[in-house]
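Shown next: model_18.cif, given as mmCIF, C-alpha atoms and all ligand atoms.
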data_protein
loop_
_atom_site.label_atom_id
_atom_site.label_comp_id
_atom_site.auth_asym_id
_atom_site.auth_seq_id
_atom_site.Cartn_x
_atom_site.Cartn_y
_atom_site.Cartn_z
CA MET A 685 19.21 40.17 5.27
CA SER A 686 17.64 42.59 7.67
CA MET A 687 18.02 42.25 11.42
CA ARG A 688 16.59 45.67 12.14
CA GLY A 689 14.99 45.80 15.54
CA LYS A 690 16.91 42.74 16.79
CA THR A 691 19.40 42.85 19.63
CA ILE A 692 22.16 40.30 19.40
CA VAL A 693 24.54 39.67 22.27
CA VAL A 694 27.91 38.45 21.00
CA GLY A 695 29.97 36.75 23.68
CA VAL A 696 33.64 36.40 22.84
CA SER A 697 35.82 34.03 24.84
CA GLY A 698 39.58 33.62 24.78
CA GLY A 699 40.68 31.83 21.64
CA ILE A 700 42.73 32.86 18.63
CA ALA A 701 39.54 32.81 16.51
CA ALA A 702 38.33 35.85 18.47
CA TYR A 703 39.43 37.95 15.50
CA LYS A 704 36.62 36.39 13.46
CA ALA A 705 34.10 37.60 16.04
CA CYS A 706 35.08 41.15 15.06
CA GLU A 707 33.93 40.53 11.49
CA ALA A 708 30.77 38.78 12.70
CA VAL A 709 29.94 41.86 14.80
CA ARG A 710 30.51 44.09 11.77
CA LEU A 711 28.20 41.94 9.61
CA LEU A 712 25.48 41.94 12.27
CA VAL A 713 25.65 45.74 12.57
CA GLN A 714 25.58 46.00 8.77
CA ALA A 715 22.40 43.85 8.79
CA GLY A 716 20.78 46.41 11.09
CA ALA A 717 21.08 44.58 14.43
CA THR A 718 21.91 46.24 17.74
CA VAL A 719 24.97 44.36 18.92
CA GLN A 720 26.04 44.12 22.55
CA VAL A 721 29.46 42.56 22.89
CA VAL A 722 30.43 40.72 26.08
CA LEU A 723 34.14 39.97 26.37
CA THR A 724 35.68 37.48 28.78
CA ARG A 725 38.93 38.37 30.48
CA ALA A 726 40.82 35.81 28.35
CA ALA A 727 39.30 37.20 25.15
CA GLU A 728 40.97 40.53 25.87
CA GLU A 729 44.32 38.78 25.35
CA PHE A 730 43.30 38.34 21.70
CA VAL A 731 41.12 41.34 20.78
CA THR A 732 40.75 44.72 22.41
CA PRO A 733 37.52 46.14 23.81
CA LEU A 734 38.22 49.24 21.70
CA THR A 735 38.08 47.24 18.45
CA LEU A 736 34.74 45.70 19.35
CA GLN A 737 33.37 48.94 20.72
CA ALA A 738 34.21 50.69 17.44
CA LEU A 739 32.64 47.89 15.38
CA SER A 740 29.48 47.54 17.47
CA GLY A 741 29.10 51.26 18.18
CA ARG A 742 28.41 50.49 21.85
CA PRO A 743 30.48 50.08 24.99
CA VAL A 744 31.67 46.52 25.42
CA ALA A 745 30.48 44.73 28.58
CA ARG A 746 33.38 43.10 30.40
CA ARG A 747 32.92 42.54 34.12
CA THR A 748 29.82 41.58 36.06
CA PHE A 749 30.40 44.15 38.75
CA ASP A 750 31.15 47.08 36.39
CA LEU A 751 27.54 46.88 35.32
CA THR A 752 26.07 47.17 38.79
CA GLU A 753 26.96 50.87 38.80
CA GLU A 754 23.92 51.30 36.56
CA SER A 755 20.46 51.63 38.09
CA GLU A 756 19.42 48.26 36.61
CA ILE A 757 21.19 44.96 37.24
CA GLY A 758 23.49 44.94 34.22
CA HIS A 759 23.71 41.26 33.42
CA ILE A 760 19.94 40.85 33.69
CA ARG A 761 19.40 43.81 31.37
CA ILE A 762 21.75 42.28 28.78
CA ALA A 763 20.07 38.89 29.13
CA ASP A 764 16.55 40.34 28.84
CA THR A 765 17.15 42.59 25.85
CA ALA A 766 18.77 39.85 23.73
CA ASP A 767 16.86 38.34 20.81
CA ALA A 768 19.72 35.87 20.47
CA LEU A 769 23.06 35.25 22.09
CA LEU A 770 26.03 34.09 20.00
CA ILE A 771 29.17 32.84 21.73
CA ALA A 772 32.00 32.86 19.19
CA PRO A 773 34.53 31.52 19.72
CA ALA A 774 33.42 29.30 22.59
CA THR A 775 36.47 27.77 24.26
CA ALA A 776 36.47 24.34 25.91
CA ASN A 777 36.52 26.16 29.25
CA VAL A 778 33.42 28.27 28.52
CA ILE A 779 31.62 25.22 27.13
CA ALA A 780 32.39 23.30 30.34
CA LYS A 781 31.08 26.16 32.47
CA LEU A 782 27.89 26.44 30.41
CA ALA A 783 27.37 22.67 30.57
CA THR A 784 27.51 22.69 34.36
CA GLY A 785 25.79 25.99 35.06
CA ILE A 786 28.84 27.79 36.42
CA ALA A 787 28.40 31.56 36.29
CA ASP A 788 31.69 33.04 37.42
CA ASP A 789 31.93 35.89 34.90
CA LEU A 790 29.63 38.21 32.97
CA LEU A 791 29.25 36.03 29.87
CA THR A 792 28.33 32.81 31.69
CA THR A 793 26.00 34.74 34.00
CA VAL A 794 24.18 36.31 31.04
CA VAL A 795 23.75 32.87 29.44
CA LEU A 796 22.11 31.51 32.58
CA ALA A 797 19.84 34.53 32.84
CA THR A 798 18.63 34.80 29.25
CA ARG A 799 15.52 33.30 27.71
CA ALA A 800 16.73 34.06 24.20
CA PRO A 801 18.16 31.35 21.94
CA VAL A 802 21.83 30.67 22.69
CA LEU A 803 24.17 29.76 19.82
CA VAL A 804 27.53 28.29 20.76
CA ALA A 805 30.34 28.21 18.19
CA PRO A 806 33.21 26.12 19.57
CA ALA A 807 36.75 26.69 18.30
CA MET A 808 39.83 24.88 19.59
CA ASN A 809 42.59 22.42 18.80
CA VAL A 810 41.34 19.22 17.13
CA HIS A 811 42.44 16.98 20.01
CA MET A 812 40.65 19.22 22.50
CA TRP A 813 37.53 19.17 20.31
CA GLU A 814 37.61 15.37 20.12
CA ASN A 815 38.23 15.02 23.86
CA ALA A 816 35.48 12.90 25.43
CA THR A 817 34.78 15.43 28.20
CA VAL A 818 34.43 18.28 25.73
CA GLN A 819 32.12 16.18 23.56
CA ALA A 820 30.02 15.25 26.60
CA ASN A 821 29.76 18.91 27.54
CA VAL A 822 28.74 19.84 23.98
CA ALA A 823 26.05 17.14 24.10
CA ARG A 824 24.75 18.64 27.35
CA LEU A 825 24.51 22.06 25.71
CA ARG A 826 22.47 20.54 22.90
CA ASP A 827 20.23 18.78 25.43
CA ALA A 828 19.71 22.11 27.15
CA GLY A 829 18.36 23.48 23.86
CA HIS A 830 21.38 25.51 22.82
CA VAL A 831 22.32 25.57 19.14
CA VAL A 832 25.85 24.27 18.63
CA ILE A 833 27.43 25.55 15.43
CA GLU A 834 29.81 22.73 14.57
CA PRO A 835 33.41 23.79 14.01
CA ALA A 836 34.76 23.55 10.49
CA SER A 837 37.69 21.35 9.47
CA GLY A 838 40.98 22.58 8.07
CA ALA A 839 44.32 24.01 9.10
CA LEU A 840 44.22 25.13 12.74
CA ALA A 841 46.18 27.98 14.31
CA CYS A 842 48.00 25.45 16.50
CA GLY A 843 49.51 23.80 13.41
CA TYR A 844 47.23 20.75 13.42
CA GLU A 845 44.73 19.81 10.71
CA GLY A 846 41.20 18.76 11.61
CA ALA A 847 37.94 19.88 13.13
CA GLY A 848 38.13 22.88 15.44
CA ARG A 849 38.10 25.97 13.23
CA LEU A 850 35.54 28.63 13.96
CA PRO A 851 33.20 28.80 10.93
CA GLU A 852 33.50 31.94 8.82
CA PRO A 853 31.68 35.04 10.12
CA ASP A 854 28.98 34.92 7.42
CA VAL A 855 28.10 31.39 8.54
CA LEU A 856 27.80 32.53 12.18
CA VAL A 857 25.61 35.46 11.17
CA GLU A 858 23.37 33.21 9.07
CA GLU A 859 22.78 30.95 12.08
CA VAL A 860 21.85 34.02 14.13
CA ALA A 861 19.42 35.02 11.37
CA VAL A 862 17.84 31.56 11.55
CA ALA A 863 17.48 31.90 15.32
CA VAL A 864 15.72 35.28 15.21
CA THR A 865 13.41 34.70 12.21
CA GLU A 866 9.76 33.95 12.87
CA LYS A 867 8.99 30.40 11.73
CA THR A 868 6.14 31.24 9.36
CA LEU A 869 6.89 28.19 7.18
CA ALA A 870 7.49 25.69 9.99
CA GLY A 871 6.88 22.15 8.85
CA ARG A 872 6.52 23.13 5.20
CA ARG A 873 8.61 21.50 2.49
CA VAL A 874 9.91 23.96 -0.04
CA LEU A 875 11.65 23.13 -3.29
CA VAL A 876 13.70 25.90 -4.90
CA THR A 877 15.54 25.74 -8.20
CA ALA A 878 18.40 28.07 -9.00
CA GLY A 879 21.12 28.93 -11.45
CA PRO A 880 21.60 28.31 -15.14
CA THR A 881 21.66 25.02 -16.98
CA TRP A 882 24.58 23.96 -19.11
CA GLU A 883 23.76 22.14 -22.32
CA ALA A 884 26.76 20.22 -23.59
CA LEU A 885 28.05 20.90 -27.07
CA ASP A 886 31.11 18.72 -26.80
CA PRO A 887 33.28 17.55 -23.87
CA VAL A 888 34.67 21.06 -23.26
CA ARG A 889 31.91 23.46 -24.34
CA HIS A 890 28.32 24.16 -23.44
CA VAL A 891 25.40 26.48 -24.18
CA ALA A 892 24.49 28.40 -21.00
CA ASN A 893 23.06 31.72 -19.78
CA ARG A 894 24.19 34.45 -17.41
CA SER A 895 22.26 33.34 -14.32
CA SER A 896 24.40 33.42 -11.16
CA GLY A 897 21.94 31.51 -8.97
CA LYS A 898 21.84 34.36 -6.41
CA MET A 899 18.06 34.81 -6.51
CA GLY A 900 17.25 31.12 -6.01
CA PHE A 901 19.86 30.76 -3.28
CA ALA A 902 18.37 33.79 -1.51
CA VAL A 903 14.91 32.18 -1.59
CA ALA A 904 16.27 28.87 -0.26
CA ARG A 905 18.14 30.66 2.54
CA ALA A 906 15.08 32.73 3.48
CA ALA A 907 12.81 29.65 3.47
CA ARG A 908 15.19 27.82 5.79
CA ARG A 909 15.25 30.81 8.14
CA ARG A 910 11.46 30.66 8.26
CA GLY A 911 11.52 27.05 9.39
CA ALA A 912 10.85 25.21 6.11
CA ARG A 913 12.57 22.00 5.10
CA VAL A 914 14.29 23.17 1.95
CA THR A 915 15.64 21.35 -1.07
CA LEU A 916 17.65 23.42 -3.53
CA VAL A 917 18.13 21.99 -7.01
CA THR A 918 20.82 24.08 -8.57
CA GLY A 919 22.58 24.31 -11.88
CA PRO A 920 26.31 25.19 -11.95
CA THR A 921 27.07 28.34 -9.93
CA ALA A 922 29.99 29.80 -8.00
CA LEU A 923 27.96 29.84 -4.78
CA ALA A 924 28.72 27.67 -1.76
CA ASP A 925 26.15 25.11 -0.58
CA LEU A 926 23.75 26.49 2.01
CA ARG A 927 23.84 25.17 5.56
CA GLY A 928 20.69 23.43 6.63
CA VAL A 929 19.48 23.08 3.04
CA GLU A 930 19.56 19.88 0.99
CA CYS A 931 21.52 20.92 -2.07
CA VAL A 932 21.16 18.86 -5.24
CA HIS A 933 23.59 19.72 -8.03
CA VAL A 934 22.62 19.27 -11.65
CA THR A 935 24.10 20.45 -14.92
CA SER A 936 21.60 20.19 -17.78
CA ALA A 937 17.90 21.04 -18.05
CA ARG A 938 17.02 17.38 -18.31
CA GLU A 939 18.91 16.60 -15.10
CA MET A 940 17.16 19.52 -13.44
CA GLU A 941 13.81 18.21 -14.69
CA LYS A 942 14.43 14.80 -13.14
CA ALA A 943 15.56 16.16 -9.78
CA ALA A 944 12.91 18.91 -9.62
CA LEU A 945 9.99 16.58 -10.47
CA HIS A 946 11.22 14.05 -7.93
CA HIS A 947 11.38 16.60 -5.10
CA ALA A 948 8.28 18.57 -6.20
CA ALA A 949 6.06 15.55 -5.51
CA ALA A 950 6.54 15.96 -1.73
CA ALA A 951 6.80 19.76 -1.70
CA ASP A 952 4.17 22.16 -0.31
CA CYS A 953 5.72 24.95 -2.30
CA VAL A 954 7.94 25.14 -5.39
CA VAL A 955 9.87 28.28 -6.30
CA MET A 956 11.28 27.90 -9.79
CA ALA A 957 14.00 30.56 -9.91
CA ALA A 958 16.34 28.65 -12.24
CA ALA A 959 17.09 30.06 -15.67
CA VAL A 960 16.47 26.83 -17.53
CA GLY A 961 17.96 26.66 -21.02
CA ASP A 962 15.07 26.43 -23.45
CA TYR A 963 17.19 24.57 -26.01
CA ARG A 964 20.05 22.12 -26.06
CA PRO A 965 22.28 21.00 -28.91
CA LEU A 966 20.53 18.16 -30.71
CA GLU A 967 23.67 16.11 -30.25
CA ALA A 968 26.63 16.60 -27.97
CA ALA A 969 29.81 15.68 -29.87
CA ARG A 970 31.75 12.85 -28.28
CA HIS A 971 35.05 14.56 -29.03
CA LYS A 972 36.09 18.20 -29.00
CA ILE A 973 34.79 19.98 -32.10
CA LYS A 974 37.81 21.04 -34.12
CA ARG A 975 38.29 24.53 -35.51
CA GLY A 976 37.39 24.70 -39.19
CA ARG A 977 37.51 27.45 -41.77
CA GLY A 978 33.82 27.93 -42.48
CA ASP A 979 30.75 28.62 -40.38
CA LEU A 980 29.70 26.06 -37.83
CA GLU A 981 26.01 25.24 -37.55
CA ILE A 982 24.61 23.82 -34.36
CA ARG A 983 21.07 22.43 -34.33
CA LEU A 984 19.19 23.00 -31.12
CA THR A 985 16.24 21.04 -29.85
CA PRO A 986 13.74 22.20 -27.18
CA ASN A 987 14.21 21.29 -23.54
CA PRO A 988 11.29 20.27 -21.37
CA ASP A 989 9.36 23.05 -19.65
CA ILE A 990 9.97 21.97 -16.06
CA LEU A 991 7.66 24.53 -14.47
CA ALA A 992 4.75 23.54 -16.71
CA LYS A 993 5.30 19.90 -15.74
CA ILE A 994 5.32 20.79 -12.04
CA GLY A 995 2.17 22.87 -12.56
CA ALA A 996 0.47 19.78 -14.03
CA LEU A 997 1.46 17.43 -11.19
CA PRO A 998 -1.36 15.98 -9.12
CA GLY A 999 -1.68 17.25 -5.55
CA GLN A 1000 -1.77 20.73 -4.11
CA ARG A 1001 1.20 22.98 -3.71
CA VAL A 1002 1.94 26.67 -4.07
CA ILE A 1003 3.90 27.23 -7.27
CA VAL A 1004 5.99 30.33 -7.86
CA GLY A 1005 7.57 31.02 -11.24
CA PHE A 1006 9.92 33.70 -12.48
CA ALA A 1007 9.51 35.54 -15.75
CA ALA A 1008 12.68 37.01 -17.22
CA GLU A 1009 11.55 39.57 -19.78
CA THR A 1010 13.06 42.24 -21.95
CA ARG A 1011 9.71 43.84 -22.95
CA ASP A 1012 5.94 43.68 -22.22
CA LEU A 1013 6.73 42.53 -18.69
CA VAL A 1014 3.26 42.14 -17.22
CA ALA A 1015 1.54 40.75 -20.32
CA ASN A 1016 4.25 38.13 -20.87
CA ALA A 1017 4.38 37.17 -17.21
CA ARG A 1018 0.60 36.82 -17.06
CA ARG A 1019 0.63 34.59 -20.11
CA LYS A 1020 3.30 32.36 -18.52
CA LEU A 1021 1.39 32.25 -15.22
CA GLN A 1022 -1.66 30.84 -16.97
CA ALA A 1023 0.21 28.53 -19.34
CA LYS A 1024 2.33 26.93 -16.62
CA GLY A 1025 -0.25 26.54 -13.83
CA VAL A 1026 1.56 28.95 -11.52
CA HIS A 1027 0.05 30.76 -8.50
CA LEU A 1028 2.50 33.63 -8.33
CA MET A 1029 4.79 35.00 -11.01
CA VAL A 1030 7.85 37.08 -10.15
CA ALA A 1031 8.53 39.14 -13.24
CA ASN A 1032 11.60 41.20 -13.87
CA ASP A 1033 13.02 43.19 -16.75
CA VAL A 1034 16.43 41.62 -17.13
CA THR A 1035 17.71 44.57 -19.17
CA ALA A 1036 17.15 47.06 -16.29
CA PRO A 1037 20.29 48.09 -14.39
CA ASP A 1038 20.60 46.44 -10.95
CA ALA A 1039 18.02 43.78 -11.85
CA GLY A 1040 18.21 40.21 -13.05
CA PHE A 1041 21.41 38.36 -13.79
CA ASP A 1042 24.50 38.33 -11.59
CA VAL A 1043 23.72 41.35 -9.38
CA ASP A 1044 22.75 41.42 -5.71
CA THR A 1045 19.58 43.44 -6.31
CA ASN A 1046 16.39 42.93 -8.27
CA ILE A 1047 13.39 45.01 -9.38
CA VAL A 1048 10.36 42.76 -9.45
CA THR A 1049 6.66 42.82 -10.19
CA LEU A 1050 4.46 40.18 -8.57
CA ILE A 1051 1.46 38.91 -10.48
CA ASP A 1052 -0.99 36.40 -9.05
CA ARG A 1053 -3.97 34.43 -10.31
CA SER A 1054 -6.46 36.97 -9.06
CA GLY A 1055 -4.95 39.47 -11.48
CA ARG A 1056 -3.28 41.53 -8.75
CA VAL A 1057 -0.13 43.27 -9.96
CA GLU A 1058 2.30 44.61 -7.37
CA ARG A 1059 5.37 46.57 -8.44
CA PHE A 1060 8.34 46.86 -6.10
CA GLU A 1061 11.25 49.29 -5.98
CA LYS A 1062 14.80 48.00 -6.23
CA MET A 1063 15.53 45.60 -3.34
CA SER A 1064 18.30 43.23 -2.36
CA LYS A 1065 17.67 39.67 -3.54
CA ASP A 1066 17.36 38.69 0.14
CA GLU A 1067 14.54 41.22 0.51
CA VAL A 1068 12.86 39.99 -2.70
CA ALA A 1069 13.04 36.45 -1.27
CA GLY A 1070 11.30 37.69 1.88
CA VAL A 1071 8.51 39.36 -0.12
CA ILE A 1072 7.95 36.17 -2.15
CA LEU A 1073 7.80 33.97 0.94
CA ASP A 1074 5.37 36.35 2.66
CA ARG A 1075 3.07 35.82 -0.33
CA VAL A 1076 3.63 32.04 -0.19
CA ARG A 1077 2.55 32.11 3.47
CA ASP A 1078 -0.61 34.05 2.52
CA LEU A 1079 -1.34 31.86 -0.51
CA ARG A 1080 -1.51 28.69 1.55
CA THR A 1081 -4.55 29.92 3.52
CA PRO A 1082 -7.11 29.43 0.71
CA ARG A 1083 -5.76 25.91 0.14
CA THR A 1084 -6.55 24.97 3.70
CA THR A 1085 -10.01 26.52 3.45
CA VAL A 1086 -10.78 24.60 0.27
CA ARG A 1087 -9.76 21.33 1.92
CA ALA A 1088 -11.79 22.03 5.06
CA ALA A 1089 -14.98 23.07 3.24
CA PRO A 1090 -16.52 19.63 2.49
CA ARG A 1091 -16.13 18.53 6.12
CA ARG A 1092 -17.91 21.63 7.37
CA LEU A 1093 -20.70 21.09 4.86
CA ARG A 1094 -21.16 17.51 6.01
CA ARG A 1095 -21.46 18.56 9.65
CA ARG A 1096 -24.33 20.91 8.81
N1 LIG A 1101 11.21 27.34 -17.03
C1 LIG A 1101 11.22 25.97 -16.90
N2 LIG A 1101 11.67 25.20 -17.94
C2 LIG A 1101 12.07 25.76 -19.08
C3 LIG A 1101 12.06 27.17 -19.22
C4 LIG A 1101 11.62 27.93 -18.17
O1 LIG A 1101 10.85 25.45 -15.85
N3 LIG A 1101 12.51 24.99 -20.07
C5 LIG A 1101 10.69 28.15 -15.91
C6 LIG A 1101 11.69 29.12 -15.35
O2 LIG A 1101 12.40 28.57 -14.27
C7 LIG A 1101 10.80 30.27 -14.87
C8 LIG A 1101 9.62 30.23 -15.84
O3 LIG A 1101 9.64 28.93 -16.41
O4 LIG A 1101 10.29 30.05 -13.58
C9 LIG A 1101 9.69 31.25 -16.93
O5 LIG A 1101 10.96 31.21 -17.54
P1 LIG A 1101 11.32 32.22 -18.70
O6 LIG A 1101 12.70 31.93 -19.19
O7 LIG A 1101 10.99 33.61 -18.28
O8 LIG A 1101 10.24 31.86 -19.79
P2 LIG A 1101 10.15 30.74 -20.90
O9 LIG A 1101 9.03 29.84 -20.52
O10 LIG A 1101 11.48 30.11 -21.15
O11 LIG A 1101 9.67 31.61 -22.13
P3 LIG A 1101 10.49 32.66 -23.04
O12 LIG A 1101 11.93 32.17 -23.02
O13 LIG A 1101 9.84 32.50 -24.37
O14 LIG A 1101 10.30 34.00 -22.43
#

Please, can you express the file's structure as structure tokens?
Ligand code: CTP
Amino acid sequence: MSMRGKTIVVGVSGGIAAYKACEAVRLLVQAGATVQVVLTRAAEEFVTPLTLQALSGRPVARRTFDLTEESEIGHIRIADTADALLIAPATANVIAKLATGIADDLLTTVVLATRAPVLVAPAMNVHMWENATVQANVARLRDAGHVVIEPASGALACGYEGAGRLPEPDVLVEEVAVAVTEKTLAGRRVLVTAGPTWEALDPVRHVANRSSGKMGFAVARAARRRGARVTLVTGPTALADLRGVECVHVTSAREMEKAALHHAAAADCVVMAAAVGDYRPLEAARHKIKRGRGDLEIRLTPNPDILAKIGALPGQRVIVGFAAETRDLVANARRKLQAKGVHLMVANDVTAPDAGFDVDTNIVTLIDRSGRVERFEKMSKDEVAGVILDRVRDLRTPRTTVRAAPRRLRRR
């Protein structure tokens, strides 16, 4: 995910989870963001300014009046340059101050002065989190338009179990990415499929493929960032469900077919990134197949072509397919594009290093109905997802024009 050109202010208040803010800062810097850390006095009891200065590569802002030595008004400069402001962890005390507009330190002053989106990630003891006053304050923050990143549940530093844990740094960073991404797909419904399918052979074995699901998950994440309502139908993967995305878990191709066709009906765009098994065992044995001495023959029968069925559905939607090839990339992808009623094919040579299955990068060629072929260098799967969704945004324009044409004709 790229956050190049974005300035993120990370406000850290005084809770034990402040150590996670260090990792969040590192991830934001890694994503290309300029990170300005603002530490409260209490936060310095948990993490040092030096740690955060080293991780962010910039001096940490600590006191309102330190900044007035500059020619500009420091807290206003921080507030104005922010593309988003993340407060992690946000203590009950900071939340109360934000809810009532108190600005008695640098962090709370910056929050009042900024026009950028404010994300608040509370972290505290479960009883404090459930306290009626804290909950009322959190509700006020939501009413004021701030994004509250709900705390996770689990073992807390205080020894209790329950809600109050600061979400992991990658979750915080993802929410920042959502906040700073232009909403080019606002109001659109996007269906993405991902992962392999497992075709049962017996109760303990299956026929599968090497798909990790990373490409489809990257598309779903990127579509959510761009404001789409996203459904992800995924085969078995090791990946965690995505926040803000409806995740539907399936195992076999036929289960994926059912779920995908159901959700495709209401979708404006379908991105079929799953590696669907083309065949399944004709029969799945009821009991574990026992080891024998001779060869074992398994008869396979074809699975439905889900993408072709989606391509034949009534209604208008942008359909994106993937073509996993080992040779004749463009010719094969073009053939599939036509056969399956697809608008855009994302073709990749799955034998190339750093492309295809189970890696974080991909080398893709985009082929559309007009015959345009666009080859890309190696990119992260997140970047590939961005390129695909840029094309989806462009592809929807002709649809609108086609729909509008008869009305214009009538008026003349
Ligand atoms: N696909 C599908 N249902 C299948 C097989 C594939 O929906 N039973 C979809 C894939 O999700 C992908 C596209 O069709 O978007 C192309 O998949 P690919 O495996 O490259 O091609 P196949 O159609 O399976 O053809 P082949 O295996 O002969 O290359």

task = Go through A:Asn815, A:Thr748, A:Gln1000, A:Ser1054 one by one, measure the shortest atom-to-atom distance of each to A:Thr792 using all atoms listed in the file, and give the residue with the smallest value.
result =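 Of the candidates, the smallest distance to A:Thr792 is held by A:Thr748.
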
request  = Could you tell me which of A:Tyr703, A:Phe1060, A:Phe901, A:Tyr963 comes closest to ligand LIG 1101 (chain A) if we count only C-alpha atoms and all ligand atoms?
outcome  = A:Tyr963

Minimum-distance residue to A:Arg894, chosen among A:Val955, A:Gly1040, A:Ala943, A:Pro998 (using all atoms listed in the file) = A:Gly1040

Report as JSON the centre and the edge lengths, in Å to one decimal, of the axis-aligned box holding every listed atom of ligand LIG 1101 (chain A), padded by 3 Å on each side.
{"center_x": 10.9, "center_y": 29.5, "center_z": -19.0, "size_x": 9.7, "size_y": 15.0, "size_z": 16.8}

Distance filter 6 Å around ligand LIG 1101 (chain A), atoms: all atoms listed in the file, out as a VMD selection string = chain A and resid 956 to 962 987 to 991 1005 to 1008

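Atom CA of A:Arg983 is positioned 8.0 Å from atom CA of A:Glu967.
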
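Between atom CA of A:Ile973 and atom CA of A:Ala922 the separation is 26.5 Å.
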
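If you look at atom CA of A:Ala907 and atom CA of A:Val1034, they are 24.1 Å away from each other.
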
Kindly assemble as JSON lines a list of the stretch 916-1025 of chain A residues that lie within 12 Å of stretch 847-856 of chain A, each paired with its nearest atom pair and their distance in Å to one decimal, using all atoms listed in the file, sorted first by chain and then by ascending residue number.
{"residue": "A:Ala924", "atom": "CA", "partner": "A:Val855", "partner_atom": "CA", "distance": 11.0}
{"residue": "A:Asp925", "atom": "CA", "partner": "A:Val855", "partner_atom": "CA", "distance": 11.2}
{"residue": "A:Leu926", "atom": "CA", "partner": "A:Val855", "partner_atom": "CA", "distance": 9.3}
{"residue": "A:Arg927", "atom": "CA", "partner": "A:Val855", "partner_atom": "CA", "distance": 8.1}
{"residue": "A:Gly928", "atom": "CA", "partner": "A:Val855", "partner_atom": "CA", "distance": 11.0}

Got time to write the residues from that selection, C-alpha atoms, as a PDB file, in the coordinates of the input?
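This went into part32.pdb:
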ATOM      1  CA  ALA A 924      28.720  27.670  -1.760  1.00  0.00           C
ATOM      2  CA  ASP A 925      26.150  25.110  -0.580  1.00  0.00           C
ATOM      3  CA  LEU A 926      23.750  26.490   2.010  1.00  0.00           C
ATOM      4  CA  ARG A 927      23.840  25.170   5.560  1.00  0.00           C
ATOM      5  CA  GLY A 928      20.690  23.430   6.630  1.00  0.00           C
TER       6      GLY A 928
END

message = Here is a test: counting all atoms listed in the file, which residue of A:Thr735, A:Ser686, A:Thr915, A:Ser1064 is nearest to A:Val862?
response =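 Among A:Thr735, A:Ser686, A:Thr915, A:Ser1064, it is A:Ser686 that comes nearest to A:Val862.
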
request  = Find the residue from A:Val1014, A:Ile1072, A:Val876, A:Ala807 that sits nearest to A:Leu840; use all atoms listed in the file when measuring.
outcome  = A:Ala807

ask   = Which of these, A:Pro986, A:Met899, A:Lys1024, A:Arg905, has the shortest distance to A:Ala937 once you count only C-alpha atoms?
value = A:Pro986

request  = Mind checking which residues fall within 12 Å of A:Glu930, counting all atoms listed in the file, ignoring those fewer than 5 positions away in the same chain, and posting them as a list in words?
outcome  =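 Once the adjacent positions are removed, what remains is Arg873, Val874, Leu875, Val876, Thr877, Phe901, Ala904, Arg905, Arg908, Ala912, Arg913, Val914, Thr915, Leu916, Val917, Thr918, Asp925 and His947 of chain A.
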
When you look at A:Val744 with a cut-off of 12 Å (counting only C-alpha atoms), what residues show up, excluding the ones that are within fewer than 2 positions of it in the same chain? I need them as a compact mmCIF listing (two decimals) with C-alpha atoms, keeping the file's coordinate frame.
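Contents of around_29.txt, freshly written:
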# COMPACT_ATOMS: atom_id res chain seq x y z
CA VAL A 693 24.54 39.67 22.27
CA VAL A 694 27.91 38.45 21.00
CA GLY A 695 29.97 36.75 23.68
CA VAL A 696 33.64 36.40 22.84
CA VAL A 709 29.94 41.86 14.80
CA VAL A 719 24.97 44.36 18.92
CA GLN A 720 26.04 44.12 22.55
CA VAL A 721 29.46 42.56 22.89
CA VAL A 722 30.43 40.72 26.08
CA LEU A 723 34.14 39.97 26.37
CA THR A 724 35.68 37.48 28.78
CA GLU A 728 40.97 40.53 25.87
CA VAL A 731 41.12 41.34 20.78
CA THR A 732 40.75 44.72 22.41
CA PRO A 733 37.52 46.14 23.81
CA LEU A 734 38.22 49.24 21.70
CA THR A 735 38.08 47.24 18.45
CA LEU A 736 34.74 45.70 19.35
CA GLN A 737 33.37 48.94 20.72
CA ALA A 738 34.21 50.69 17.44
CA LEU A 739 32.64 47.89 15.38
CA SER A 740 29.48 47.54 17.47
CA GLY A 741 29.10 51.26 18.18
CA ARG A 742 28.41 50.49 21.85
CA ARG A 746 33.38 43.10 30.40
CA ARG A 747 32.92 42.54 34.12
CA THR A 748 29.82 41.58 36.06
CA ASP A 750 31.15 47.08 36.39
CA LEU A 751 27.54 46.88 35.32
CA ILE A 762 21.75 42.28 28.78
CA LEU A 790 29.63 38.21 32.97
CA LEU A 791 29.25 36.03 29.87

query = So which residues touch A:Trp813 within 10 Å, counting only C-alpha atoms, skipping near sequence neighbours fewer than 2 positions away, as a PyMOL selection string?
reply = chain A and resi 775-776+806-811+815-819+822+835+846-849
